[in-house]
Amino acid sequence: MDARWWQGAALYQLYVRSWQDSDGDGYGDLRGILSRLGYLQWLGVDGIWLSPTMPSPDEDWGYDVSDYRGVHPDLGTMDDLDELIAQAGRRGMRVLLDLVPNHTSTAHPWFVESASSRQSPLRDYYVWADPAPGGGPPNNWLDFTGRSAWRWDDRTGQYYLHNFLAAQADLNWWQPAVHEEFRRVLRFWFDRGVAGFRIDVAHGLYKDALLRDNPPAGQQGPLAGRFGLRSEYNENRPEVHAVYRAWRAIADRYTPPRLLLGETWVGELDRFASFYGADDELQLAFNFPFVFAEFAAADLAAVVAGTLAALPPQGCPVWTASNHDVGRFPSRWCGGDDAKVRLALLVLATLPGTLVLYYGDEIGMTDVGVPLELQQDKMSLGSGQNGSSGEGGQNGGSTDGNGWQGNRDRARTPMQWDGSVAAGFTRAAAPWLPTGDSATVNVADQRDDPGSVLSLCRDLLSLRRAESGGQLASYQPLPAPPGGWAYRAGSLTVLANFSDRPVTCQDPGRPILLSTTGATPAAGDAAGDILLAPWQGIVARTAGVPPAPGRR
Ligand code: NOJ
């Protein structure tokens with residue numbers, strides 16, 4: 001089972017700065033995580049993905065790395081990280097780090113050297129270019145605030161590329177030495193026992209060699225492009241696949257194999273699936289068409305069917321619906337409605353493949369309206385996507401923004417452990433971001449309540465472990481009335497009502513293992529029918545199909 005340990009696993013994304021503060025500075029840290037490992041084990045997760053832990057000036061909260069081999073002093077020490085890997089391992093959980101290979105901080109020694117002169121031996125580590133023939137930036141590429149992605153450097157008389165903030169200089173992946181640097185970084189962490197990486201901007205490393213202008217986006221939407229342009233030439237280049245084939249060869253040399261989980265921000269399912277290669281690139285890739293699907297039976301079912309059809313044999317899908325960029329699904333999909341949150345969790349946990357929960361999903365934490373004066377995310381502030389009227393970027397306030405659809409601080413607020421003022425997150429007078437409504441939604445209240453969202457989530461994780469045993473279950477859609485979604489996933493039959501009305505479905509048989517309302521559905525009018533309540537979901541064991549053997 002260990003050979004593909006991520007298959008069918010439940011992973012938990014943990015925004016380190018917001019999960020548990022151990023030293024009272026208002027920021028979460030590694031020792032805070034150590035103190036809460038028992039909770040994660042109790043919840044039943046198989047692995048945790050830590051948001052960036054490497055040293056960084058924090059222009060983009062760790063996504064601007066200044067040292068790929070260290071631990072950010074605000075978060076702890078290398079010893080803390082080693083201890084976290086060891087202690088998590090003893091509890092049956094693996095630790096993934098966040099790797100940022102698309103760009104570095106401009107404070108990284110590579111950039112400092114590269115920017116020192118045109119003759120620098122590291123000049124080609126970054127994307128430097130002369131002004132356009134008529135003057136001004138080399139082309140029309142825009143960064144994530146909607147401004148030009150090129151920053152003029154007076155000292156050496158060229159522009160450098162930054163697809164994100166100006167403090168995040170894009171690396172030049174046409175330079176073989178950059179490949180060698182990252183292969184060494186991979187081995188460094190894999191040798192320390194890191195189970196794998198979530199790879200930031202996995203689709204973006206290569207840029208067009210001719211630096212051609214991006215075309216107009218044509219359509220709107222979070223995956224269509226940014227600020228009216230389609231990201232054809234500043235990311236999404238085919239050469240990136242060779243990088244992942246090389247990384248996969250490295251990952252496969254370890255026991256157990258190390259995991260590469262890509263942030264593949266692409267809109268087309270065939271392009272998304274291409275990151276799995278012929279089972280020789282990434283083992284897992286985030287599915288943004290699913291993330292951005294409407295919370296409606298037909299839409300979700302269509303993306304699931306399309307995903308499974310597009311993936312290569314052995315390709316393991318990933319189901320996730322919240323993260324630190326796009327926001328929390330209890331808000332995005334469910335508008336804070338408890339019944340919908342339960343249904344979403346049921347679907348996420350029963351689809352075949354790997355589940356990635358974002359911290360707080362398990363208690364139904366919603367986005368938090370962070371007042372402008374407390375906001376921390378420079379990218380949101382710079383693009384005008386800060387919840388205030390449009391200011392900043394050249395398209396500030398436009399709905400046609402960078403795809404994150406709002407101020408990212410909303411989903412980065414402290415974990416709500418209990419109902420106290422600082423939510424049990426910190427003993428500091430003020431956490432780095434304000435807490436949400438922890439009096440109403442928190443772990444302590446839900447933990448011992450068998451009817452809570454947390455208990456449902458825990459039951460779902462235990463059920464998927466027991467039934468699919470870490471195998472990639474088969475998927476088969478079943479007939480369902482409008483608003484309903486019914487499918488078989490391995491030994492399970494799932495019926496879900498995505499509507500405000502009761503719907504009639506064919507009785508899946510017994511036993512019914514779980515119901516989002518806690519109640520067994522009523523019998524329908526006709527024999528063999530059952531009636532699902534609005535937004536109710538149930539899971540039954542398919543008659544004659546035993547649970548898969550394997551991990552328990
Ligand atoms: C994607 C990350 O998820 C996001 O938070 C970050 O700002 C950008 N990549 C740049 O690293």
# chains A, B, ... in the order shown; residues from 1 in each chain; ligands from 1
$ closest_atom_pairs --of "chain A" --to "ligand 1" --cutoff "8 Å" --atoms "only C-alpha atoms and all ligand atoms" --output "Markdown table"
| residue | atom | partner | partner_atom_place_in_ligand_line | distance |
| --- | --- | --- | --- | --- |
| A:Asp60 | CA | ligand 1 | 7 (O) | 5.8 |
| A:Trp61 | CA | ligand 1 | 7 (O) | 7.9 |
| A:Tyr63 | CA | ligand 1 | 11 (O) | 4.4 |
| A:Asp64 | CA | ligand 1 | 11 (O) | 6.7 |
| A:Val100 | CA | ligand 1 | 11 (O) | 6.4 |
| A:Asn102 | CA | ligand 1 | 11 (O) | 7.5 |
| A:His103 | CA | ligand 1 | 11 (O) | 7.3 |
| A:Phe164 | CA | ligand 1 | 10 (C) | 6.0 |
| A:Gln168 | CA | ligand 1 | 11 (O) | 7.9 |
| A:Asp200 | CA | ligand 1 | 1 (C) | 5.4 |
| A:Val201 | CA | ligand 1 | 9 (N) | 5.4 |
| A:Glu263 | CA | ligand 1 | 1 (C) | 7.3 |
| A:Asn323 | CA | ligand 1 | 3 (O) | 7.9 |
| A:His324 | CA | ligand 1 | 5 (O) | 6.3 |
| A:Asp325 | CA | ligand 1 | 5 (O) | 5.5 |
| A:Met379 | CA | ligand 1 | 7 (O) | 7.2 |
$ select_by_dssp --residues "region 350-461 of chain A" --states "strand (DSSP E)" --output "list in words"
Thr354, Leu355, Val356, Leu357 and Tyr358 of chain A
$ write_last_selection --atoms "C-alpha atoms" --output "PDB file, in the first residue's frame"
ATOM      1  CA  THR A 354      -7.422  11.926  -2.619  1.00  0.00           C
ATOM      2  CA  LEU A 355      -9.168  14.444  -0.407  1.00  0.00           C
ATOM      3  CA  VAL A 356      -7.503  17.695   0.624  1.00  0.00           C
ATOM      4  CA  LEU A 357      -9.272  19.523   3.426  1.00  0.00           C
ATOM      5  CA  TYR A 358      -8.332  23.104   4.287  1.00  0.00           C
TER       6      TYR A 358
END
$ residues_around --residues "region 172-177 of chain A" --least-positions-apart "5" --cutoff "12 Å" --atoms "only C-alpha atoms" --output "NGL selection string"
:A and (101-104 or 110-111 or 114 or 121-129 or 160-162 or 182-184 or 204-210 or 234-235 or 237 or 239-243)
$ write_last_selection --atoms "C-alpha atoms" --output "tab-separated table (two decimals), in the first residue's frame"
chain	number	residue	atom	x	y	z
A	101	PRO	CA	9.97	26.97	-7.85
A	102	ASN	CA	8.44	29.64	-10.11
A	103	HIS	CA	10.03	32.60	-8.38
A	104	THR	CA	12.19	33.59	-5.44
A	110	TRP	CA	20.57	34.22	-6.22
A	111	PHE	CA	18.63	37.33	-7.16
A	114	SER	CA	21.93	38.13	-10.54
A	121	PRO	CA	27.33	34.24	-13.32
A	122	LEU	CA	23.74	34.01	-12.04
A	123	ARG	CA	22.33	36.63	-14.43
A	124	ASP	CA	20.44	33.93	-16.36
A	125	TYR	CA	18.81	32.50	-13.24
A	126	TYR	CA	16.07	35.11	-13.74
A	127	VAL	CA	14.18	36.50	-16.71
A	128	TRP	CA	15.87	39.75	-17.69
A	129	ALA	CA	14.91	41.64	-20.84
A	160	TYR	CA	13.15	41.61	-14.67
A	161	LEU	CA	9.98	39.54	-14.77
A	162	HIS	CA	7.65	39.10	-11.79
A	182	PHE	CA	15.88	22.52	-7.46
A	183	ARG	CA	16.80	18.87	-7.84
A	184	ARG	CA	19.22	19.43	-4.97
A	204	GLY	CA	3.97	28.30	-14.65
A	205	LEU	CA	7.70	27.66	-14.52
A	206	TYR	CA	8.60	28.16	-18.17
A	207	LYS	CA	7.96	31.42	-20.01
A	208	ASP	CA	7.80	31.83	-23.75
A	209	ALA	CA	11.37	32.04	-25.08
A	210	LEU	CA	10.34	34.87	-27.43
A	234	ASN	CA	3.90	33.84	-19.36
A	235	GLU	CA	2.93	30.37	-18.05
A	237	ARG	CA	4.34	26.28	-21.56
A	239	GLU	CA	8.43	22.48	-21.58
A	240	VAL	CA	7.43	22.24	-17.90
A	241	HIS	CA	6.54	18.55	-18.24
A	242	ALA	CA	10.19	17.55	-18.54
A	243	VAL	CA	10.82	19.16	-15.14
$ closest_atom_pairs --of "region 406-476 of chain A" --to "region 525-548 of chain A" --cutoff "10 Å" --atoms "only C-alpha atoms" --output "JSON lines"
{"residue": "A:Leu460", "atom": "CA", "partner": "A:Val539", "partner_atom": "CA", "distance": 9.4}
{"residue": "A:Leu463", "atom": "CA", "partner": "A:Val539", "partner_atom": "CA", "distance": 9.6}
{"residue": "A:Arg464", "atom": "CA", "partner": "A:Pro547", "partner_atom": "CA", "distance": 9.5}
{"residue": "A:Arg465", "atom": "CA", "partner": "A:Ala548", "partner_atom": "CA", "distance": 9.4}
{"residue": "A:Ala466", "atom": "CA", "partner": "A:Pro547", "partner_atom": "CA", "distance": 7.0}
{"residue": "A:Glu467", "atom": "CA", "partner": "A:Pro547", "partner_atom": "CA", "distance": 4.4}
{"residue": "A:Ser468", "atom": "CA", "partner": "A:Ala548", "partner_atom": "CA", "distance": 5.1}
{"residue": "A:Gly469", "atom": "CA", "partner": "A:Ala548", "partner_atom": "CA", "distance": 5.7}
{"residue": "A:Gly470", "atom": "CA", "partner": "A:Ala548", "partner_atom": "CA", "distance": 8.4}
{"residue": "A:Gln471", "atom": "CA", "partner": "A:Ala548", "partner_atom": "CA", "distance": 7.2}
{"residue": "A:Leu472", "atom": "CA", "partner": "A:Ala548", "partner_atom": "CA", "distance": 9.6}
{"residue": "A:Ala473", "atom": "CA", "partner": "A:Ala548", "partner_atom": "CA", "distance": 8.5}
$ residues_around --residues "region 433-436 of chain A" --least-positions-apart "2" --cutoff "9 Å" --atoms "only C-alpha atoms" --output "list in words"
Ser18, Gly26, Tyr27, Met365, Thr366, Asp367, Val368, Gly369, Val370, Pro371, Leu374, Gln375, Gln376, Asp409, Arg412, Thr413, Pro414, Met415, Gln416, Val421, Ala422, Ala423, Phe425, Ala430, Pro431, Ser438, Ala439 and Val441 of chain A
$ atom_distance --atom1 "CA of Gly483 (chain A)" --atom2 "CA of Asn497 (chain A)"
6.1 Å
$ closest_residue --among "A:Asn163, A:Asn386, A:Ser420, A:Thr350" --to "Ala496 (chain A)" --atoms "only C-alpha atoms"
A:Thr350
$ closest_residue --among "A:Ala149, A:Leu308, A:Val347, A:Ala301" --to "Pro479 (chain A)" --atoms "only C-alpha atoms"
A:Ala301
$ residues_around --residues "Trp485 (chain A)" --least-positions-apart "2" --cutoff "9 Å" --atoms "only C-alpha atoms" --output "PyMOL selection string"
chain A and resi 296-298+300-301+477-483+487+494-498
$ residues_around --residues "Phe329 (chain A)" --least-positions-apart "2" --cutoff "9 Å" --atoms "only C-alpha atoms" --output "PyMOL selection string"
chain A and resi 291+321-323+326-327+331-336+341+344+361+364-367
$ write_last_selection --atoms "N, CA and C atoms" --output "CSV table (one decimal), in the first residue's frame"
chain,number,residue,atom,x,y,z
A,291,VAL,N,-12.9,23.0,-8.3
A,291,VAL,CA,-12.9,24.1,-7.2
A,291,VAL,C,-13.9,25.2,-7.6
A,321,ALA,N,-11.9,21.9,-2.1
A,321,ALA,CA,-12.9,23.0,-2.4
A,321,ALA,C,-12.5,24.3,-1.7
A,322,SER,N,-11.5,24.3,-0.8
A,322,SER,CA,-11.1,25.6,-0.1
A,322,SER,C,-9.6,25.7,-0.2
A,323,ASN,N,-9.1,26.8,-0.2
A,323,ASN,CA,-7.7,27.0,0.1
A,323,ASN,C,-7.4,28.5,0.5
A,326,VAL,N,-8.5,30.9,-2.8
A,326,VAL,CA,-9.8,31.0,-3.4
A,326,VAL,C,-10.9,31.2,-2.3
A,327,GLY,N,-10.6,31.0,-1.0
A,327,GLY,CA,-11.5,31.1,0.0
A,327,GLY,C,-12.1,29.8,0.5
A,331,SER,N,-18.4,29.2,2.6
A,331,SER,CA,-18.9,30.4,2.1
A,331,SER,C,-19.1,30.4,0.6
A,332,ARG,N,-18.1,30.0,-0.1
A,332,ARG,CA,-18.2,30.1,-1.6
A,332,ARG,C,-19.3,29.3,-2.1
A,333,TRP,N,-19.4,28.0,-1.7
A,333,TRP,CA,-20.4,27.1,-2.2
A,333,TRP,C,-21.7,27.1,-1.4
A,334,CYS,N,-21.6,27.3,-0.1
A,334,CYS,CA,-22.7,27.0,0.8
A,334,CYS,C,-23.3,28.2,1.4
A,335,GLY,N,-22.7,29.4,1.2
A,335,GLY,CA,-23.3,30.6,1.8
A,335,GLY,C,-23.5,30.5,3.3
A,336,GLY,N,-22.7,29.6,4.0
A,336,GLY,CA,-22.8,29.4,5.4
A,336,GLY,C,-23.9,28.5,5.9
A,341,VAL,N,-23.1,22.6,3.8
A,341,VAL,CA,-21.7,22.3,4.2
A,341,VAL,C,-21.6,20.8,4.5
A,344,ALA,N,-21.6,19.0,1.1
A,344,ALA,CA,-20.3,19.2,0.4
A,344,ALA,C,-19.2,18.3,1.0
A,361,ASP,N,-12.3,23.5,7.4
A,361,ASP,CA,-13.4,22.9,6.6
A,361,ASP,C,-14.1,21.9,7.5
A,364,GLY,N,-16.7,23.6,9.4
A,364,GLY,CA,-17.6,24.5,8.7
A,364,GLY,C,-17.2,26.0,8.8
A,365,MET,N,-15.9,26.2,9.1
A,365,MET,CA,-15.5,27.6,9.2
A,365,MET,C,-15.8,28.4,7.9
A,366,THR,N,-16.3,29.6,8.0
A,366,THR,CA,-16.6,30.4,6.9
A,366,THR,C,-15.5,31.5,6.7
A,367,ASP,N,-15.6,32.2,5.6
A,367,ASP,CA,-14.7,33.3,5.4
A,367,ASP,C,-15.0,34.4,6.4
